[in-house]
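*Asks:* Contents of work.csv (CSV, C-alpha atoms) are below:
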chain,number,residue,atom,x,y,z
A,21,MET,CA,51.7,10.8,-72.3
A,22,LYS,CA,54.4,8.5,-71.0
A,23,ARG,CA,54.1,10.0,-67.5
A,24,TYR,CA,50.3,9.3,-67.6
A,25,SER,CA,50.8,5.7,-68.6
A,26,ILE,CA,53.1,5.1,-65.6
A,27,LYS,CA,50.5,6.6,-63.2
A,28,TYR,CA,47.7,4.5,-64.8
A,29,THR,CA,49.9,1.4,-64.6
A,30,ILE,CA,50.6,2.0,-60.9
A,31,PHE,CA,46.9,2.7,-60.1
A,32,PHE,CA,45.8,-0.4,-62.0
A,33,ALA,CA,48.4,-2.6,-60.2
A,34,LEU,CA,47.3,-1.3,-56.8
A,35,THR,CA,43.6,-1.9,-57.6
A,36,ILE,CA,44.3,-5.4,-58.8
A,37,SER,CA,46.3,-6.1,-55.6
A,38,ILE,CA,43.5,-4.9,-53.3
A,39,LEU,CA,40.9,-6.9,-55.2
A,40,VAL,CA,43.0,-10.1,-55.0
A,41,PHE,CA,43.5,-9.4,-51.3
A,42,LEU,CA,39.7,-9.1,-50.8
A,43,VAL,CA,39.0,-12.2,-52.9
A,44,MET,CA,41.5,-14.2,-50.7
A,45,ILE,CA,39.8,-13.0,-47.5
A,46,ILE,CA,36.3,-13.8,-48.8
A,47,THR,CA,37.6,-17.2,-50.0
A,48,GLY,CA,39.1,-18.0,-46.6
A,49,LEU,CA,35.8,-17.0,-44.9
A,50,LEU,CA,33.8,-19.2,-47.2
A,51,ILE,CA,36.1,-22.1,-46.6
A,52,ASP,CA,35.6,-21.7,-42.8
A,53,LEU,CA,31.9,-21.3,-43.2
A,54,LEU,CA,31.7,-24.5,-45.2
A,55,ASN,CA,33.4,-26.4,-42.3
A,56,PRO,CA,30.6,-28.7,-40.8
A,57,VAL,CA,31.5,-27.5,-37.3
A,58,TYR,CA,31.0,-23.8,-38.2
A,59,ILE,CA,27.9,-24.6,-40.2
A,60,GLY,CA,26.4,-26.3,-37.1
A,61,ARG,CA,27.2,-23.3,-34.9
A,62,ILE,CA,25.8,-20.9,-37.4
A,63,GLY,CA,22.6,-22.9,-37.5
A,64,ILE,CA,22.3,-22.9,-33.7
A,65,TYR,CA,22.9,-19.1,-33.7
A,66,ILE,CA,20.2,-18.6,-36.3
A,67,ILE,CA,17.6,-20.7,-34.4
A,68,ALA,CA,18.5,-19.1,-31.1
A,69,SER,CA,18.2,-15.7,-32.5
A,70,ILE,CA,14.7,-16.5,-34.0
A,71,PHE,CA,13.6,-18.1,-30.8
A,72,SER,CA,14.9,-15.2,-28.6
A,73,GLY,CA,13.2,-12.6,-30.9
A,74,ALA,CA,9.9,-14.5,-30.7
A,75,LEU,CA,10.2,-14.9,-26.9
A,76,ILE,CA,11.0,-11.2,-26.4
A,77,THR,CA,8.2,-10.1,-28.7
A,78,GLY,CA,5.7,-12.5,-27.0
A,79,GLY,CA,6.9,-11.4,-23.5
A,80,ILE,CA,6.4,-7.7,-24.4
A,81,SER,CA,2.9,-8.4,-25.7
A,82,ILE,CA,2.0,-10.4,-22.5
A,83,PHE,CA,3.6,-8.2,-19.9
A,84,ASN,CA,3.3,-4.8,-21.4
A,85,PRO,CA,-0.3,-4.3,-20.3
A,86,VAL,CA,0.6,-5.5,-16.8
A,87,LEU,CA,3.6,-3.1,-16.6
A,88,ALA,CA,1.5,-0.3,-18.1
A,89,GLU,CA,-1.2,-0.9,-15.5
A,90,ALA,CA,1.3,-1.0,-12.7
A,91,MET,CA,2.8,2.3,-13.8
A,92,THR,CA,-0.6,3.9,-14.1
A,93,THR,CA,-1.5,2.7,-10.6
A,94,LEU,CA,1.8,4.1,-9.2
A,95,ARG,CA,1.3,7.5,-10.9
A,96,ARG,CA,-2.3,7.6,-9.6
A,97,MET,CA,-1.2,6.6,-6.1
A,98,LEU,CA,1.5,9.3,-6.1
A,99,ARG,CA,-1.0,11.9,-7.2
A,100,ILE,CA,-3.6,11.1,-4.5
A,101,GLU,CA,-1.0,10.7,-1.7
A,102,SER,CA,-0.3,14.4,-1.8
A,103,LEU,CA,-1.8,16.3,1.2
A,104,SER,CA,-2.9,19.0,-1.2
A,105,ASN,CA,-5.5,16.6,-2.7
A,106,PRO,CA,-8.9,18.4,-2.6
A,107,LEU,CA,-10.5,15.6,-0.5
A,108,LEU,CA,-7.7,15.8,2.1
A,109,LEU,CA,-7.9,19.6,2.2
A,110,LYS,CA,-11.7,19.3,2.8
A,111,LEU,CA,-11.1,16.8,5.6
A,112,SER,CA,-8.5,19.1,7.2
A,113,ILE,CA,-11.1,22.0,7.2
A,114,GLU,CA,-14.3,20.2,8.0
A,115,ALA,CA,-13.0,17.4,10.3
A,116,PRO,CA,-9.6,18.6,11.6
A,117,GLY,CA,-9.5,16.0,14.4
A,118,THR,CA,-10.1,13.2,11.9
A,119,TYR,CA,-7.5,14.7,9.6
A,120,HIS,CA,-4.8,14.7,12.3
A,121,HIS,CA,-5.8,11.3,13.4
A,122,SER,CA,-5.3,10.1,9.8
A,123,LEU,CA,-1.9,11.6,9.6
A,124,ASN,CA,-0.8,9.8,12.7
A,125,VAL,CA,-2.3,6.6,11.5
A,126,SER,CA,-0.4,7.0,8.2
A,127,SER,CA,2.9,7.3,10.0
A,128,LEU,CA,2.2,4.3,12.2
A,129,ALA,CA,1.0,2.2,9.3
A,130,GLN,CA,3.8,3.1,6.9
A,131,LYS,CA,6.6,2.1,9.3
A,132,ALA,CA,4.8,-1.1,10.2
A,133,ALA,CA,4.4,-1.9,6.5
A,134,LYS,CA,8.1,-1.4,5.9
A,135,ALA,CA,8.9,-3.6,8.9
A,136,ILE,CA,7.3,-6.6,7.2
A,137,LYS,CA,8.2,-5.5,3.6
A,138,VAL,CA,4.7,-4.9,2.2
A,139,ASP,CA,3.3,-2.0,0.2
A,140,SER,CA,4.1,1.0,2.4
A,141,LEU,CA,2.9,3.6,-0.2
A,142,LEU,CA,-0.5,1.9,-0.4
A,143,VAL,CA,-0.9,1.7,3.4
A,144,ARG,CA,0.2,5.3,3.9
A,145,THR,CA,-2.1,6.6,1.3
A,146,ALA,CA,-5.1,4.5,2.4
A,147,ALA,CA,-4.5,5.8,5.9
A,148,TYR,CA,-5.1,9.4,4.7
A,149,TYR,CA,-8.5,8.4,3.3
A,150,HIS,CA,-9.7,5.6,5.6
A,151,ASP,CA,-12.1,7.9,7.5
A,152,LEU,CA,-13.5,9.9,4.6
A,153,GLY,CA,-17.0,8.8,5.6
A,154,LYS,CA,-16.8,11.1,8.7
A,155,LEU,CA,-17.1,14.1,6.4
A,156,ASP,CA,-20.9,13.3,6.3
A,157,ASN,CA,-21.2,14.4,9.9
A,158,PRO,CA,-17.9,15.4,11.5
A,159,THR,CA,-19.1,16.4,14.9
A,160,LEU,CA,-20.6,12.9,15.4
A,161,TYR,CA,-17.0,11.7,16.1
A,162,VAL,CA,-15.2,12.3,19.3
A,163,GLU,CA,-12.0,13.6,17.7
A,164,ASN,CA,-13.9,16.5,16.3
A,165,GLN,CA,-15.9,17.3,19.4
A,166,SER,CA,-15.4,19.5,22.4
A,167,GLU,CA,-16.4,18.2,25.9
A,168,ILE,CA,-19.8,19.9,25.7
A,169,GLU,CA,-20.6,18.4,22.3
A,170,ILE,CA,-20.1,14.7,23.2
A,171,PRO,CA,-23.6,13.2,23.2
A,172,THR,CA,-24.7,10.9,26.0
A,173,ALA,CA,-27.0,8.0,25.0
A,174,GLU,CA,-29.7,7.4,27.6
A,175,ASP,CA,-32.1,4.8,26.1
A,176,GLU,CA,-31.8,1.7,23.9
A,177,GLU,CA,-33.1,3.5,20.8
A,178,SER,CA,-30.6,6.3,21.0
A,179,ILE,CA,-27.7,4.0,21.8
A,180,ARG,CA,-28.4,1.8,18.7
A,181,LYS,CA,-29.1,4.9,16.5
A,182,HIS,CA,-25.8,6.5,17.5
A,183,ALA,CA,-23.9,3.3,17.1
A,184,ASN,CA,-25.3,2.7,13.6
A,185,ALA,CA,-24.4,6.3,12.6
A,186,ILE,CA,-20.8,5.7,13.7
A,187,ILE,CA,-20.6,2.4,12.0
A,188,SER,CA,-21.9,3.8,8.8
A,189,HIS,CA,-18.8,5.9,8.2
A,190,VAL,CA,-17.2,3.0,6.5
A,191,GLU,CA,-19.9,2.7,3.9
A,192,LYS,CA,-20.1,6.4,3.4
A,193,GLY,CA,-16.3,6.6,3.0
A,194,VAL,CA,-16.5,3.9,0.3
A,195,THR,CA,-19.1,6.0,-1.5
A,196,ILE,CA,-17.1,9.2,-1.4
A,197,ALA,CA,-13.9,7.3,-2.5
A,198,GLU,CA,-15.8,5.7,-5.5
A,199,GLU,CA,-17.2,9.1,-6.5
A,200,ALA,CA,-13.7,10.6,-6.4
A,201,LYS,CA,-12.4,7.6,-8.4
A,202,LEU,CA,-9.8,6.6,-5.9
A,203,PRO,CA,-7.9,3.4,-6.8
A,204,PRO,CA,-9.7,0.1,-6.0
A,205,GLU,CA,-6.8,-0.8,-3.7
A,206,ILE,CA,-7.5,2.2,-1.5
A,207,ILE,CA,-11.3,1.5,-1.5
A,208,ASP,CA,-10.7,-2.1,-0.4
A,209,LEU,CA,-8.7,-0.9,2.6
A,210,ILE,CA,-11.4,1.6,3.5
A,211,LYS,CA,-13.9,-1.2,3.5
A,212,GLU,CA,-11.7,-3.5,5.5
A,213,HIS,CA,-10.1,-1.2,8.1
A,214,HIS,CA,-12.7,-2.1,10.8
A,215,GLY,CA,-13.3,-5.6,9.5
A,216,THR,CA,-16.3,-7.0,11.3
A,217,THR,CA,-15.3,-5.8,14.7
A,218,ARG,CA,-17.7,-4.3,17.2
A,219,ALA,CA,-18.1,-0.6,18.1
A,220,LEU,CA,-16.8,-1.4,21.6
A,221,TYR,CA,-17.9,1.9,23.2
A,222,PHE,CA,-21.5,1.4,22.4
A,223,TYR,CA,-21.3,-2.4,23.0
A,224,GLY,CA,-20.0,-1.6,26.5
A,225,ILE,CA,-22.8,0.9,27.2
A,226,ALA,CA,-25.4,-1.6,26.0
A,227,LYS,CA,-24.0,-4.3,28.3
A,228,GLU,CA,-24.0,-1.9,31.2
A,229,ARG,CA,-27.6,-1.0,30.6
A,230,GLY,CA,-28.6,-4.7,30.4
A,231,LEU,CA,-29.8,-4.5,26.8
A,232,LYS,CA,-30.4,-7.7,24.8
A,233,ILE,CA,-27.5,-7.9,22.4
A,234,LYS,CA,-27.4,-10.2,19.4
A,235,LYS,CA,-24.1,-11.5,17.9
A,236,THR,CA,-24.3,-9.2,15.0
A,237,ASP,CA,-25.2,-6.1,17.0
A,238,PHE,CA,-22.8,-3.1,16.9
A,239,ARG,CA,-20.6,-4.8,14.3
A,240,TYR,CA,-19.1,-3.2,11.2
A,241,ALA,CA,-20.2,-4.8,7.9
A,242,GLY,CA,-16.7,-5.8,6.8
A,243,PRO,CA,-15.2,-7.7,5.1
A,244,ILE,CA,-12.4,-8.7,7.4
A,245,PRO,CA,-8.9,-7.7,6.2
A,246,GLN,CA,-8.0,-9.6,3.0
A,247,SER,CA,-4.3,-8.5,3.0
A,248,LYS,CA,-1.5,-7.7,5.4
A,249,GLU,CA,-1.8,-4.1,4.4
A,250,ALA,CA,-5.4,-4.1,5.6
A,251,VAL,CA,-4.4,-5.6,8.9
A,252,ILE,CA,-1.8,-2.9,9.5
A,253,LEU,CA,-4.3,-0.2,8.7
A,254,MET,CA,-6.8,-1.7,11.1
A,255,LEU,CA,-4.3,-2.0,14.0
A,256,ALA,CA,-2.7,1.5,13.4
A,257,ASP,CA,-6.2,3.1,13.3
A,258,CYS,CA,-7.2,1.5,16.6
A,259,VAL,CA,-4.1,1.9,18.6
A,260,GLU,CA,-3.7,5.6,17.6
A,261,ALA,CA,-7.3,6.4,18.7
A,262,ALA,CA,-6.7,4.5,22.0
A,263,ALA,CA,-3.4,6.3,22.7
A,264,ARG,CA,-4.8,9.7,21.8
A,265,SER,CA,-7.8,9.2,24.2
A,266,THR,CA,-5.6,8.0,27.1
A,267,LYS,CA,-4.9,10.9,29.5
A,268,GLU,CA,-2.0,9.6,31.5
A,269,LEU,CA,0.0,7.9,28.7
A,270,THR,CA,3.1,5.9,29.7
A,271,SER,CA,5.3,3.5,27.9
A,272,GLU,CA,3.7,0.6,29.7
A,273,LYS,CA,0.2,1.8,28.7
A,274,ILE,CA,1.3,2.1,25.1
A,275,LYS,CA,2.6,-1.5,25.2
A,276,PHE,CA,-0.7,-2.7,26.7
A,277,ILE,CA,-2.8,-0.8,24.1
A,278,VAL,CA,-1.0,-2.4,21.2
A,279,GLU,CA,-0.9,-5.9,22.7
A,280,ASN,CA,-4.5,-5.8,23.8
A,281,THR,CA,-5.7,-4.6,20.4
A,282,ILE,CA,-3.8,-7.4,18.6
A,283,GLU,CA,-5.1,-10.0,21.0
A,284,GLU,CA,-8.8,-8.8,20.7
A,285,ARG,CA,-8.7,-9.0,16.9
A,286,LEU,CA,-6.9,-12.3,16.9
A,287,ASN,CA,-9.6,-13.7,19.2
A,288,ASP,CA,-12.2,-12.2,16.9
A,289,ASN,CA,-10.7,-14.0,13.8
A,290,GLN,CA,-10.1,-10.7,12.0
A,291,PHE,CA,-6.7,-11.8,10.5
A,292,LYS,CA,-7.6,-15.3,9.1
A,293,ASN,CA,-7.9,-14.1,5.5
A,294,SER,CA,-4.8,-11.9,5.5
A,295,HIS,CA,-2.0,-14.4,5.2
A,296,LEU,CA,-0.4,-12.8,8.2
A,297,THR,CA,2.3,-14.9,10.0
A,298,GLU,CA,3.3,-14.8,13.7
A,299,ILE,CA,6.6,-13.3,12.7
A,300,ASP,CA,4.8,-10.6,10.7
A,301,LEU,CA,2.6,-9.9,13.7
A,302,GLY,CA,5.6,-9.7,16.1
A,303,LYS,CA,7.3,-7.1,13.8
A,304,ILE,CA,4.1,-5.1,13.4
A,305,LYS,CA,3.6,-5.0,17.2
A,306,PHE,CA,7.2,-3.9,17.8
A,307,SER,CA,6.9,-1.2,15.1
A,308,LEU,CA,3.6,0.2,16.5
A,309,ILE,CA,4.9,0.4,20.0
A,310,GLU,CA,8.1,2.1,18.9
A,311,THR,CA,6.3,4.6,16.7
A,312,LEU,CA,3.6,5.4,19.3
A,313,GLN,CA,6.3,6.1,21.9
A,314,THR,CA,8.0,8.5,19.4
A,315,VAL,CA,4.7,10.2,18.3
A,316,TYR,CA,3.5,10.7,21.9
A,317,HIS,CA,6.9,11.2,23.5
A,318,GLN,CA,6.0,14.5,25.2
A,319,ARG,CA,3.0,13.0,26.8
A,320,ILE,CA,4.6,9.9,28.2
A,321,GLU,CA,5.3,9.9,31.9
A,322,TYR,CA,8.6,8.1,32.6
A,323,LYS,CA,9.3,6.6,36.0
A,324,HIS,CA,12.2,8.3,37.7
A,325,HIS,CA,14.5,6.0,39.7
A,326,GLU,CA,16.3,7.6,42.6
Let me see the file written as structure tokens.
*Replies:*
Amino acid sequence: MKRYSIKYTIFFALTISILVFLVMIITGLLIDLLNPVYIGRIGIYIIASIFSGALITGGISIFNPVLAEAMTTLRRMLRIESLSNPLLLKLSIEAPGTYHHSLNVSSLAQKAAKAIKVDSLLVRTAAYYHDLGKLDNPTLYVENQSEIEIPTAEDEESIRKHANAIISHVEKGVTIAEEAKLPPEIIDLIKEHHGTTRALYFYGIAKERGLKIKKTDFRYAGPIPQSKEAVILMLADCVEAAARSTKELTSEKIKFIVENTIEERLNDNQFKNSHLTEIDLGKIKFSLIETLQTVYHQRIEYKHHE
């Protein structure tokens, strides 16, 4: 009994000591908190916390739909940029020349987009699909023809009819893209990749034949490029086709093709809505020349100096 009392006394003493210690700590904290300086700081912290919470909550509510849409667009873009996409597989089978042209254009366009730091994924993907409209009648286009299949227009009616059929590939491509539910950004670039330029081959034939040509004849419906990405696709498409159709390709000819293409479209006011700068255009030109020389390296005839 005595031994129990001693244990109880020791336990009680320790408990009281701990409680006193805690009371002293709490009392000290309360004294500090009641200090006007600390009270002011605590008030500022509370207000800042409430404001920060409201700001973060509001920011999430405002930007979450935007971020969600951006992520959805990215996922959709990554899905359709795969070469195993059914539309691209169809293009590779039914219009193999157009398919290979599109791959070359995508390489040119992607590198040019990176050179001026715009959306290279968008440009590369749009390049794959920019000529979808040629699926409507693949052999109408020279890249899918053999020498004996290339039609020769003899009279004004056939010239205009053939030209209109070629020009219509943009509209048909937009229709196919919309039916396949491609992203609006891709569809816009399909619409704009020829702008309101002329189908120069048929325009040249018409002039040679002395036909009466109106200002709107042999022109694509447009609109003209509305972005830097659309300009890049337009130029990459044109210079690749020109380089591919040039039999004796040299470094000098590649440079001429690129510079002449840019100059023609500048003079035709195709870039005025794209926010393109002279610096951008210089970088695009350099990139296109460099990439074309790499792509067509085996065909380029270099001058040998003895």
*Asks:* Return the single residue from A:Asn289, A:Thr236, A:Ser127, A:Thr195 that is closest to A:Leu141, with distances computed using all atoms listed in the file.
*Replies:* A:Ser127
*Asks:* Considering only C-alpha atoms, can you say which of A:Ser294, A:Asn280, A:Ser271, A:Ser265 comes closest to A:Val251?
*Replies:* A:Ser294
*Asks:* Give one line per residue of stretch 284-307 of chain A that approaches stretch 201-214 of chain A to at most 12 Å, naming the two atoms of the closest pair and their distance in Å to one decimal, counting all atoms listed in the file; sort by chain then ascending residue number and deliver it as a Markdown table.
*Replies:*
| residue | atom | partner | partner_atom | distance |
| --- | --- | --- | --- | --- |
| A:Arg285 | CA | A:His214 | CA | 10.0 |
| A:Asp288 | CA | A:His214 | CA | 11.8 |
| A:Gln290 | CA | A:His214 | CA | 9.1 |
| A:Phe291 | CA | A:Glu212 | CA | 10.9 |
| A:Asn293 | CA | A:Glu212 | CA | 11.3 |
| A:Ser294 | CA | A:Glu212 | CA | 10.9 |
*Asks:* Could you jot down the atom CA of A:Gly242 to atom CA of A:Val315 separation for me, Å, one decimal place?
*Replies:* 29.1 Å
*Asks:* Of the candidates A:Thr159, A:Thr297, A:Asn164, A:Ser126, which shows the shortest atom-to-atom distance to A:Ala146, using all atoms listed in the file?
*Replies:* A:Ser126
*Asks:* Which one is closest to A:Ser140: A:Arg180, A:Lys248, A:His120, A:Arg229? Count all atoms listed in the file.
*Replies:* A:Lys248
*Asks:* For a cutoff of 12 Å around the file-coordinate point (-11.3, 19.6, -0.6), which residues qualify once you count only C-alpha atoms? I'd like the result as a list in words.
*Replies:* Leu103, Ser104, Asn105, Pro106, Leu107, Leu108, Leu109, Lys110, Leu111, Ser112, Ile113, Glu114, Ala115, Tyr119, Leu152, Leu155, Ile196 and Ala200 of chain A
*Asks:* Because the input lacks atoms here, generate N, CA and C atoms for stretch 244-271 of chain A and report them as a compact mmCIF listing (two decimals), in the coordinates of the input.
*Replies:*
# COMPACT_ATOMS: atom_id res chain seq x y z
N ILE A 244 -13.65 -8.72 6.61
CA ILE A 244 -12.40 -8.70 7.40
C ILE A 244 -11.25 -8.47 6.51
N PRO A 245 -10.11 -8.05 7.04
CA PRO A 245 -8.90 -7.70 6.20
C PRO A 245 -8.55 -8.90 5.29
N GLN A 246 -8.35 -8.56 4.02
CA GLN A 246 -8.00 -9.60 3.00
C GLN A 246 -6.50 -9.48 2.65
N SER A 247 -5.76 -8.65 3.33
CA SER A 247 -4.30 -8.50 3.00
C SER A 247 -3.59 -8.06 4.29
N LYS A 248 -2.28 -8.18 4.26
CA LYS A 248 -1.50 -7.70 5.40
C LYS A 248 -1.56 -6.21 5.52
N GLU A 249 -1.67 -5.51 4.39
CA GLU A 249 -1.80 -4.10 4.40
C GLU A 249 -3.08 -3.63 5.15
N ALA A 250 -4.16 -4.38 4.93
CA ALA A 250 -5.40 -4.10 5.60
C ALA A 250 -5.33 -4.29 7.11
N VAL A 251 -4.63 -5.34 7.50
CA VAL A 251 -4.40 -5.60 8.90
C VAL A 251 -3.65 -4.47 9.58
N ILE A 252 -2.59 -4.04 8.91
CA ILE A 252 -1.80 -2.90 9.50
C ILE A 252 -2.61 -1.68 9.63
N LEU A 253 -3.42 -1.35 8.64
CA LEU A 253 -4.30 -0.20 8.70
C LEU A 253 -5.26 -0.31 9.89
N MET A 254 -5.86 -1.48 10.04
CA MET A 254 -6.80 -1.70 11.10
C MET A 254 -6.16 -1.50 12.48
N LEU A 255 -4.97 -2.08 12.68
CA LEU A 255 -4.30 -2.00 14.00
C LEU A 255 -3.80 -0.55 14.23
N ALA A 256 -3.23 0.09 13.21
CA ALA A 256 -2.70 1.50 13.40
C ALA A 256 -3.86 2.41 13.72
N ASP A 257 -4.99 2.25 13.07
CA ASP A 257 -6.20 3.10 13.30
C ASP A 257 -6.63 2.94 14.78
N CYS A 258 -6.71 1.71 15.23
CA CYS A 258 -7.20 1.50 16.60
C CYS A 258 -6.28 1.93 17.68
N VAL A 259 -4.99 1.59 17.53
CA VAL A 259 -4.10 1.90 18.60
C VAL A 259 -3.82 3.44 18.68
N GLU A 260 -3.87 4.13 17.53
CA GLU A 260 -3.70 5.60 17.60
C GLU A 260 -4.85 6.24 18.29
N ALA A 261 -6.08 5.78 18.00
CA ALA A 261 -7.30 6.40 18.70
C ALA A 261 -7.20 6.10 20.17
N ALA A 262 -6.80 4.88 20.54
CA ALA A 262 -6.70 4.50 22.00
C ALA A 262 -5.66 5.34 22.69
N ALA A 263 -4.50 5.49 22.06
CA ALA A 263 -3.40 6.30 22.70
C ALA A 263 -3.80 7.73 22.82
N ARG A 264 -4.45 8.27 21.81
CA ARG A 264 -4.80 9.70 21.80
C ARG A 264 -5.86 9.96 22.91
N SER A 265 -6.71 8.99 23.20
CA SER A 265 -7.80 9.20 24.20
C SER A 265 -7.33 8.85 25.62
N THR A 266 -6.11 8.34 25.76
CA THR A 266 -5.60 8.00 27.10
C THR A 266 -4.94 9.23 27.71
N LYS A 267 -5.42 9.65 28.88
CA LYS A 267 -4.90 10.90 29.50
C LYS A 267 -3.54 10.79 30.04
N GLU A 268 -3.30 9.81 30.86
CA GLU A 268 -2.00 9.60 31.50
C GLU A 268 -1.24 8.52 30.71
N LEU A 269 -0.61 8.89 29.62
CA LEU A 269 0.00 7.90 28.70
C LEU A 269 1.44 7.59 29.21
N THR A 270 1.72 6.32 29.34
CA THR A 270 3.10 5.90 29.70
C THR A 270 3.53 4.82 28.71
N SER A 271 4.81 4.50 28.77
CA SER A 271 5.30 3.50 27.90
C SER A 271 4.64 2.14 28.12
